[in-house]
>>> print(open('final.txt').read())   # compact mmCIF, C-alpha atoms
# COMPACT_ATOMS: atom_id res chain seq x y z
CA MET A 165 57.93 99.46 175.41
CA GLN A 166 57.57 95.86 174.22
CA GLU A 167 53.96 96.55 173.26
CA LEU A 168 55.12 99.45 171.09
CA LEU A 169 57.72 97.25 169.38
CA ASP A 170 55.10 94.56 168.81
CA PHE A 171 52.78 97.13 167.27
CA ILE A 172 55.52 98.46 164.98
CA ALA A 173 56.25 94.90 163.85
CA THR A 174 52.64 94.56 162.67
CA THR A 175 52.73 97.69 160.49
CA GLY A 176 53.23 97.57 156.76
CA LEU A 177 56.18 99.93 157.04
CA ALA A 178 58.13 97.39 159.10
CA ASN A 179 57.42 94.68 156.52
CA LEU A 180 58.18 96.75 153.41
CA ASP A 181 61.22 95.47 151.51
CA TRP A 182 63.12 97.03 148.61
CA ARG A 183 61.25 95.01 145.98
CA ASN A 184 57.89 96.33 147.18
CA GLY A 185 59.36 99.82 147.12
CA ILE A 186 60.46 99.47 143.50
CA MET A 187 57.05 98.16 142.43
CA ILE A 188 55.32 101.05 144.20
CA VAL A 189 57.55 103.43 142.23
CA VAL A 190 56.62 101.57 139.02
CA GLY A 191 52.93 101.98 139.87
CA LEU A 192 53.45 105.70 140.51
CA MET A 193 55.21 105.98 137.13
CA PHE A 194 52.16 104.44 135.44
CA ILE A 195 49.96 106.97 137.23
CA TYR A 196 52.26 109.82 136.17
CA LEU A 197 52.30 108.75 132.50
CA ALA A 198 48.53 108.37 132.47
CA ILE A 199 47.89 111.81 133.96
CA ARG A 200 50.82 113.87 132.65
CA ASN A 201 51.21 112.38 129.15
CA GLU A 202 47.71 110.89 128.77
CA TRP A 203 49.16 107.53 127.69
CA GLU A 204 46.19 105.14 127.57
CA PRO A 205 44.87 106.73 130.81
CA TYR A 206 41.81 104.50 131.08
CA GLU A 207 44.15 101.53 131.35
CA LEU A 208 47.42 102.76 132.83
CA LEU A 209 45.88 104.83 135.64
CA PRO A 210 43.89 102.00 137.30
CA ILE A 211 46.71 99.53 136.57
CA GLY A 212 49.16 101.83 138.34
CA LEU A 213 46.82 102.24 141.29
CA GLY A 214 46.43 98.47 141.48
CA ILE A 215 50.21 97.98 141.48
CA VAL A 216 50.62 100.44 144.36
CA ALA A 217 47.81 98.88 146.42
CA ALA A 218 49.00 95.29 145.88
CA ASN A 219 52.56 96.02 146.98
CA LEU A 220 51.62 97.54 150.32
CA PRO A 221 52.39 94.75 152.83
CA LEU A 222 49.89 92.98 155.10
CA THR A 223 46.77 94.44 153.48
CA GLY A 224 45.28 91.11 152.36
CA LEU A 225 43.78 92.86 149.34
CA ILE A 226 44.87 90.15 146.90
CA THR A 227 44.15 87.11 149.07
CA LEU A 228 42.23 84.61 146.96
CA PRO A 229 39.00 83.03 148.21
CA SER A 230 39.26 79.36 149.13
CA PRO A 231 37.07 76.96 151.12
CA SER A 232 40.01 76.04 153.35
CA ALA A 233 41.01 79.60 154.27
CA GLY A 234 37.48 80.87 154.37
CA PHE A 235 35.82 83.17 151.89
CA GLN A 236 35.46 85.86 154.55
CA GLU A 237 39.25 86.31 154.62
CA ALA A 238 39.54 86.92 150.88
CA GLY A 239 40.59 90.36 149.73
CA ILE A 240 38.46 92.42 147.36
CA PHE A 241 40.99 92.16 144.53
CA GLY A 242 41.39 88.45 145.18
CA VAL A 243 37.64 88.02 144.76
CA LEU A 244 37.65 90.11 141.57
CA PHE A 245 40.53 88.07 140.14
CA HIS A 246 38.98 84.73 141.08
CA TYR A 247 35.50 85.38 139.74
CA GLY A 248 36.17 88.04 137.10
CA LEU A 249 39.17 86.34 135.47
CA SER A 250 40.35 83.00 136.81
CA PHE A 251 37.09 81.13 137.51
CA TRP A 252 34.48 82.79 135.28
CA ASN A 253 36.72 85.00 133.08
CA ILE A 254 33.84 87.34 132.29
CA LEU A 255 35.48 90.77 132.36
CA PRO A 256 37.32 90.59 128.98
CA PRO A 257 34.18 89.54 127.07
CA ILE A 258 32.26 92.39 128.70
CA ILE A 259 34.99 94.77 127.51
CA PHE A 260 34.52 93.36 124.00
CA LEU A 261 30.80 94.10 124.21
CA GLY A 262 31.59 97.76 124.81
CA ILE A 263 34.28 97.85 122.11
CA GLY A 264 31.82 96.35 119.63
CA ALA A 265 29.30 99.07 120.44
CA LEU A 266 31.97 101.67 119.62
CA THR A 267 33.26 100.00 116.44
CA ASP A 268 32.44 100.95 112.87
CA PHE A 269 32.99 98.07 110.44
CA GLY A 270 32.50 100.44 107.50
CA PRO A 271 36.23 100.65 106.57
CA VAL A 272 36.53 96.84 106.53
CA ILE A 273 33.39 96.41 104.45
CA ALA A 274 34.41 99.17 102.05
CA ASN A 275 37.82 97.60 101.46
CA PRO A 276 37.84 93.86 102.33
CA LYS A 277 41.54 93.65 101.45
CA THR A 278 42.23 95.24 104.80
CA LEU A 279 41.15 91.97 106.46
CA ILE A 280 44.25 90.39 104.94
CA LEU A 281 46.43 93.16 106.35
CA GLY A 282 44.91 92.63 109.79
CA ALA A 283 45.71 88.92 109.52
CA ALA A 284 49.28 89.58 108.30
CA ALA A 285 50.00 91.78 111.32
CA GLN A 286 49.32 88.82 113.62
CA VAL A 287 52.58 87.18 112.54
CA GLY A 288 54.22 88.64 115.64
CA ILE A 289 52.03 86.40 117.80
CA PHE A 290 53.49 83.23 116.28
CA ILE A 291 57.07 84.51 116.33
CA ALA A 292 56.81 85.25 120.05
CA PHE A 293 55.04 81.92 120.62
CA TRP A 294 57.91 79.95 119.11
CA GLY A 295 60.41 82.22 120.87
CA ALA A 296 58.80 81.43 124.23
CA LEU A 297 58.85 77.70 123.51
CA PHE A 298 62.55 77.98 122.65
CA ALA A 299 63.18 79.86 125.91
CA GLY A 300 61.34 77.05 127.72
CA HIS A 301 63.73 74.51 126.23
CA LEU A 302 66.61 76.60 127.57
CA GLY A 303 65.38 76.10 131.11
CA LEU A 304 62.83 78.86 131.72
CA GLY A 305 59.41 77.81 132.97
CA PHE A 306 57.56 78.31 129.71
CA GLY A 307 55.41 75.46 128.50
CA ILE A 308 53.00 75.61 125.59
CA LYS A 309 50.34 77.39 127.69
CA GLU A 310 52.74 80.11 128.78
CA ALA A 311 54.07 80.42 125.22
CA ALA A 312 50.53 81.02 123.91
CA SER A 313 49.89 83.65 126.58
CA ILE A 314 53.16 85.42 125.78
CA GLY A 315 52.65 85.22 122.02
CA ILE A 316 49.22 86.87 122.12
CA ILE A 317 50.91 90.06 123.36
CA GLY A 318 51.90 90.56 119.72
CA GLY A 319 48.28 91.24 118.87
CA ALA A 320 48.47 94.42 120.97
CA ASP A 321 45.01 93.66 122.30
CA GLY A 322 44.85 93.95 126.08
CA PRO A 323 41.48 92.25 126.75
CA THR A 324 42.40 89.31 124.50
CA THR A 325 45.76 88.94 126.25
CA ILE A 326 44.00 88.92 129.62
CA PHE A 327 41.32 86.48 128.43
CA LEU A 328 43.85 83.96 127.09
CA SER A 329 46.30 84.25 129.99
CA ALA A 330 43.52 83.82 132.54
CA LYS A 331 42.50 80.58 130.85
CA LEU A 332 45.91 79.10 130.13
CA ALA A 333 48.55 80.69 132.38
CA PRO A 334 47.04 82.72 135.25
CA ASP A 335 50.42 82.85 137.02
CA ILE A 336 51.77 85.23 134.36
CA LEU A 337 48.49 87.07 133.77
CA GLY A 338 49.58 90.29 135.45
CA VAL A 339 52.89 90.42 133.61
CA THR A 340 51.49 89.66 130.13
CA ALA A 341 48.55 92.04 130.55
CA VAL A 342 50.62 94.98 131.77
CA ILE A 343 53.22 94.42 129.04
CA ALA A 344 50.47 94.32 126.41
CA TYR A 345 48.94 97.57 127.64
CA SER A 346 52.35 99.20 128.07
CA TYR A 347 53.25 98.51 124.44
CA MET A 348 49.82 99.73 123.36
CA ALA A 349 50.54 102.96 125.19
CA ALA A 350 54.00 103.18 123.61
CA VAL A 351 52.81 102.56 120.04
CA ALA A 352 53.63 106.18 119.14
CA PHE A 353 57.29 105.47 119.94
CA ILE A 354 57.64 101.88 118.72
CA GLN A 355 55.89 102.01 115.35
CA PRO A 356 57.09 105.18 113.52
CA PRO A 357 60.78 104.16 113.34
CA LEU A 358 59.79 100.74 111.99
CA MET A 359 57.36 102.30 109.51
CA LYS A 360 60.05 104.59 108.13
CA LEU A 361 62.66 101.82 108.07
CA PHE A 362 60.57 99.37 106.06
CA THR A 363 58.93 101.80 103.62
CA THR A 364 60.35 104.28 101.14
CA ALA A 365 59.50 107.97 101.06
CA LYS A 366 57.68 107.40 97.77
CA GLU A 367 55.55 104.63 99.28
CA ARG A 368 54.62 106.78 102.26
CA GLN A 369 53.41 109.50 99.88
CA ILE A 370 50.84 107.27 98.15
CA GLU A 371 47.40 108.86 98.18
CA MET A 372 44.34 106.65 98.50
CA LYS A 373 40.86 107.51 97.30
CA PRO A 374 38.21 108.05 99.96
CA PRO A 375 36.51 104.73 100.81
CA ARG A 376 33.08 104.15 99.34
CA VAL A 377 29.95 104.79 101.37
CA VAL A 378 28.78 101.62 103.08
CA SER A 379 25.04 101.01 103.33
CA LYS A 380 23.21 100.25 106.55
CA LEU A 381 22.24 96.82 105.20
CA GLU A 382 25.91 95.94 104.72
CA LYS A 383 26.70 97.05 108.26
CA LEU A 384 23.90 94.85 109.58
CA VAL A 385 24.85 91.81 107.54
CA PHE A 386 28.59 91.88 108.26
CA PRO A 387 28.53 91.28 112.06
CA ASN A 388 25.92 88.53 111.65
CA VAL A 389 27.98 86.73 109.03
CA ALA A 390 31.16 87.20 111.07
CA LEU A 391 29.46 85.99 114.26
CA ILE A 392 28.18 82.78 112.68
CA SER A 393 31.11 81.91 110.44
CA ILE A 394 33.95 82.62 112.90
CA ILE A 395 32.37 80.79 115.82
CA LEU A 396 31.50 77.79 113.64
CA ILE A 397 35.16 77.54 112.61
CA VAL A 398 36.74 78.47 115.97
CA PRO A 399 34.18 77.78 118.73
CA LYS A 400 36.57 78.72 121.55
CA SER A 401 36.68 82.30 120.26
CA ALA A 402 32.96 82.63 121.02
CA PRO A 403 33.16 84.61 124.30
CA LEU A 404 35.09 87.44 122.64
CA ILE A 405 33.71 87.32 119.09
CA ALA A 406 30.09 86.90 120.16
CA MET A 407 30.18 89.84 122.56
CA PHE A 408 32.07 91.96 120.02
CA MET A 409 29.50 91.36 117.28
CA ILE A 410 26.53 91.68 119.63
CA GLY A 411 27.74 95.09 120.76
CA ASN A 412 28.20 96.14 117.14
CA LEU A 413 24.72 94.96 116.20
CA PHE A 414 23.30 97.04 119.05
CA ARG A 415 25.01 100.04 117.45
CA GLU A 416 24.13 99.38 113.82
CA SER A 417 20.51 98.37 114.40
CA GLY A 418 19.66 101.89 115.53
CA VAL A 419 16.64 100.60 117.46
CA VAL A 420 18.24 100.08 120.90
CA PRO A 421 20.03 103.35 121.64
CA ARG A 422 19.84 102.77 125.39
CA LEU A 423 21.51 99.37 125.10
CA THR A 424 24.17 100.83 122.82
CA SER A 425 24.78 103.68 125.24
CA ALA A 426 24.93 101.35 128.24
CA ALA A 427 27.31 98.93 126.53
CA SER A 428 29.66 101.66 125.32
CA ASN A 429 29.53 103.77 128.48
CA GLU A 430 28.37 102.46 131.86
CA ILE A 431 29.05 98.75 131.32
CA LEU A 432 32.36 99.32 129.53
CA ASN A 433 33.53 101.81 132.15
CA ILE A 434 32.64 99.58 135.11
CA ALA A 435 34.30 96.54 133.51
CA THR A 436 37.39 98.62 132.71
CA ILE A 437 37.72 99.77 136.32
CA PHE A 438 37.51 96.26 137.74
CA LEU A 439 39.64 94.65 135.03
CA MET A 440 42.50 97.16 135.07
CA LEU A 441 42.66 97.38 138.86
CA THR A 442 42.70 93.59 139.11
CA VAL A 443 45.44 93.29 136.49
CA GLY A 444 47.55 95.83 138.35
CA THR A 445 47.23 93.93 141.62
CA GLN A 446 48.76 90.85 139.98
CA LEU A 447 52.07 92.70 139.61
CA THR A 448 53.42 91.97 143.05
CA ALA A 449 57.13 92.10 143.79
CA GLU A 450 57.28 88.32 144.23
CA ARG A 451 56.01 87.74 140.67
CA VAL A 452 57.93 90.47 138.88
CA PHE A 453 61.50 90.11 140.13
CA ASP A 454 62.66 87.10 138.16
CA LEU A 455 64.32 86.33 134.83
CA GLU A 456 61.11 85.07 133.27
CA THR A 457 59.51 88.53 133.51
CA ILE A 458 62.43 90.12 131.67
CA VAL A 459 62.21 87.47 128.94
CA ILE A 460 58.45 88.05 128.58
CA LEU A 461 59.11 91.78 128.28
CA CYS A 462 61.59 91.18 125.44
CA LEU A 463 59.38 88.63 123.69
CA GLY A 464 56.41 91.00 123.91
CA LEU A 465 58.42 93.79 122.28
CA MET A 466 59.58 91.38 119.58
CA ALA A 467 56.01 90.24 118.97
CA PHE A 468 54.65 93.77 118.70
CA SER A 469 57.49 94.88 116.43
CA CYS A 470 57.19 91.84 114.17
CA GLY A 471 53.43 92.36 113.91
CA THR A 472 54.00 95.95 112.79
CA VAL A 473 56.62 94.90 110.23
CA GLY A 474 54.48 92.00 109.03
CA GLY A 475 51.61 94.33 108.18
CA LEU A 476 53.93 96.76 106.39
CA LEU A 477 55.66 94.10 104.30
CA PHE A 478 52.44 92.37 103.31
CA ALA A 479 51.00 95.68 102.14
CA LYS A 480 54.09 96.11 99.96
CA ILE A 481 53.60 92.61 98.56
CA MET A 482 49.95 93.35 97.80
CA ASN A 483 51.01 96.42 95.83
CA LEU A 484 52.91 94.16 93.43
CA PHE A 485 49.57 92.79 92.24
CA LEU A 486 47.19 95.72 92.75
CA LYS A 487 46.40 98.18 89.99
CA GLU A 488 45.27 100.77 92.53
CA LYS A 489 48.11 100.94 95.06
CA ILE A 490 47.58 101.14 98.79
CA ASN A 491 49.77 103.10 101.14
CA PRO A 492 51.75 100.40 103.02
CA LEU A 493 51.61 102.48 106.19
CA ILE A 494 48.08 101.24 106.80
CA GLY A 495 49.49 97.71 107.17
CA SER A 496 51.10 98.65 110.48
CA ALA A 497 47.61 99.40 111.83
CA GLY A 498 46.86 95.68 111.63
CA VAL A 499 47.98 95.33 115.24
CA SER A 500 44.97 95.70 117.49
CA ALA A 501 45.86 98.89 119.33
CA VAL A 502 42.58 100.60 118.41
CA PRO A 503 42.50 103.40 117.37
CA MET A 504 46.05 104.52 118.23
CA ALA A 505 47.77 102.38 115.57
CA ALA A 506 45.46 103.78 112.87
CA ARG A 507 46.19 107.33 114.01
CA ILE A 508 49.93 106.70 113.87
CA SER A 509 49.61 105.42 110.28
CA HIS A 510 47.71 108.60 109.41
CA HIS A 511 50.21 110.94 111.10
CA VAL A 512 53.27 109.31 109.52
CA GLY A 513 51.53 109.45 106.14
CA GLN A 514 50.79 113.15 106.52
CA GLU A 515 54.41 113.84 107.44
CA ALA A 516 55.38 112.42 104.04
CA ASN A 517 52.46 113.92 102.12
CA PRO A 518 50.10 116.46 103.75
CA LYS A 519 47.50 115.70 101.08
CA THR A 520 47.07 112.06 102.06
CA PHE A 521 44.35 111.10 104.54
CA LEU A 522 44.90 107.55 105.76
CA LEU A 523 42.81 107.36 108.93
CA PRO A 524 39.65 105.79 107.40
CA HIS A 525 41.77 103.34 105.42
CA ALA A 526 43.93 102.42 108.43
CA MET A 527 40.87 101.72 110.57
CA GLY A 528 40.10 98.74 108.30
CA PRO A 529 43.17 96.65 109.23
CA ASN A 530 43.01 98.06 112.77
CA VAL A 531 39.54 96.61 113.37
CA ALA A 532 40.46 93.45 111.43
CA GLY A 533 43.38 93.01 113.83
CA VAL A 534 40.98 92.93 116.79
CA ILE A 535 39.04 90.12 115.13
CA GLY A 536 42.24 88.33 114.14
CA SER A 537 43.80 88.33 117.61
CA ALA A 538 40.54 87.09 119.17
CA VAL A 539 40.35 84.26 116.63
CA ILE A 540 43.97 83.25 117.28
CA ALA A 541 43.26 83.24 121.02
CA GLY A 542 40.40 80.82 120.35
CA VAL A 543 42.71 78.64 118.24
CA PHE A 544 45.32 78.55 121.02
CA ILE A 545 42.70 77.57 123.60
CA SER A 546 41.39 74.79 121.34
CA LEU A 547 44.81 73.37 120.54
CA VAL A 548 46.41 73.70 123.97
CA ASN A 549 43.47 72.20 125.85
>>> encode(input="final.txt", output="structure tokens")
Amino acid sequence: MQELLDFIATTGLANLDWRNGIMIVVGLMFIYLAIRNEWEPYELLPIGLGIVAANLPLTGLITLPSPSAGFQEAGIFGVLFHYGLSFWNILPPIIFLGIGALTDFGPVIANPKTLILGAAAQVGIFIAFWGALFAGHLGLGFGIKEAASIGIIGGADGPTTIFLSAKLAPDILGVTAVIAYSYMAAVAFIQPPLMKLFTTAKERQIEMKPPRVVSKLEKLVFPNVALISIILIVPKSAPLIAMFMIGNLFRESGVVPRLTSAASNEILNIATIFLMLTVGTQLTAERVFDLETIVILCLGLMAFSCGTVGGLLFAKIMNLFLKEKINPLIGSAGVSAVPMAARISHHVGQEANPKTFLLPHAMGPNVAGVIGSAVIAGVFISLVN
């Protein structure tokens, strides 16, 4: 009988507490939303699975490798976190390689003003950054590194959030990454009310001419110029910007279709699996159930909302000086939730005026936002370190 009791004591069921149970339910909710509602399924599904796996007691899946404990005792997700994020931090740049191979810079080149809108939408990053510093002064454990990691959520760029948090504040990596991806998935609910609140019906009805045709030479020159100029100014952005532009040059060159296909398919898919699973496993009950997590959740929502509003308002300001008006709805696409934010701008525009077609115009600030958030991450790394 004692042997049976000893065996039961070694099972995960006997060591499962209520906090683990809640986190397992949260993971199952992510899985449900990914499958049933198709909310960012490539991200939320593996994140949800990672949450469930990490909160099952006594598995050792997230045990980190260390010389003292022995590398043989490390769990598979601990190894992935250590080498893929904490030590080498290679998974986010690999994701950027694949994103670059899928990206068309044509809308940005056709209308360079959209770069300004992409920059304006990053205002949410700095608002959340200062908000986190203020919260730190109130007694929460947020220093400048944590504030930078929280602020970057406002860029609505999951890989950039993971890249920066892994470098500056790995203890809150799981929370910041999941919040960033959750708000990306919820963009269809967060942005439309703000878009309608800060624009008039007349503004939403503005029709924009189709963008001009961009030549192949322009598409080849742009990533080269961006690669050199951005990295010379912000060297710490190099891992993300370099991989982003390299992937795009694979695509636009037209001479390496196998490399383009590999970068945008096999490599991107494999990196996504490992990255999202690893992020999910960082959301253990011990890390989530505290006041700091709730504050990060609120600051992330504030950052994302302020970024959306910043893009909208700056587009309205630009219209004061432009002869050919732009629809301010495309300013909200300056957050980096590609391509969902651009699609939302298009849908809200068509609700106001079925004749307007904003998707190609909205992709300009959308892609510019990806570049902008990566550059700001590089600036944070340079200044904080």
>>> atom_distance(input="final.txt", atom1="CA of Gly305 in chain A", atom2="CA of Lys400 in chain A")
25.6 Å
>>> closest_residue(input="final.txt", among="A:Gly475, A:Pro403, A:Gly418, A:Gly300", to="Gly542 in chain A", atoms="all atoms listed in the file")
A:Pro403
>>> atom_distance(input="final.txt", atom1="CA of Asp321 in chain A", atom2="CA of Ala501 in chain A")
6.1 Å
>>> residues_around(input="final.txt", residues="range 337-340 of chain A", least_positions_apart="4", cutoff="6 Å", atoms="all atoms listed in the file", output="list in words")
Ser329, Val443, Gln446 and Leu447 of chain A
>>> closest_residue(input="final.txt", among="A:Glu367, A:Glu488, A:Glu207, A:Glu167", to="Leu476 in chain A", atoms="only C-alpha atoms")
A:Glu367
>>> atom_distance(input="final.txt", atom1="CA of Val452 in chain A", atom2="CA of Leu547 in chain A")
28.3 Å
>>> residues_near_point(input="final.txt", point="(44.7, 98.9, 135.8)", cutoff="7 Å", atoms="all atoms listed in the file", output="PyMOL selection string")
chain A and resi 207-214+439-444
>>> write_last_selection(input="final.txt", atoms="C-alpha atoms", output="compact mmCIF listing (two decimals), in the coordinates of the input")
# COMPACT_ATOMS: atom_id res chain seq x y z
CA GLU A 207 44.15 101.53 131.35
CA LEU A 208 47.42 102.76 132.83
CA LEU A 209 45.88 104.83 135.64
CA PRO A 210 43.89 102.00 137.30
CA ILE A 211 46.71 99.53 136.57
CA GLY A 212 49.16 101.83 138.34
CA LEU A 213 46.82 102.24 141.29
CA GLY A 214 46.43 98.47 141.48
CA LEU A 439 39.64 94.65 135.03
CA MET A 440 42.50 97.16 135.07
CA LEU A 441 42.66 97.38 138.86
CA THR A 442 42.70 93.59 139.11
CA VAL A 443 45.44 93.29 136.49
CA GLY A 444 47.55 95.83 138.35
>>> residues_around(input="final.txt", residues="Ala365 in chain A", least_positions_apart="3", cutoff="12 Å", atoms="all atoms listed in the file", output="list of chain:residue names")
A:Met359, A:Lys360, A:Leu361, A:Phe362, A:Arg368, A:Gln369, A:Ile370, A:Asn491, A:Pro492, A:Leu493, A:Val512, A:Gly513, A:Gln514, A:Glu515, A:Ala516, A:Asn517
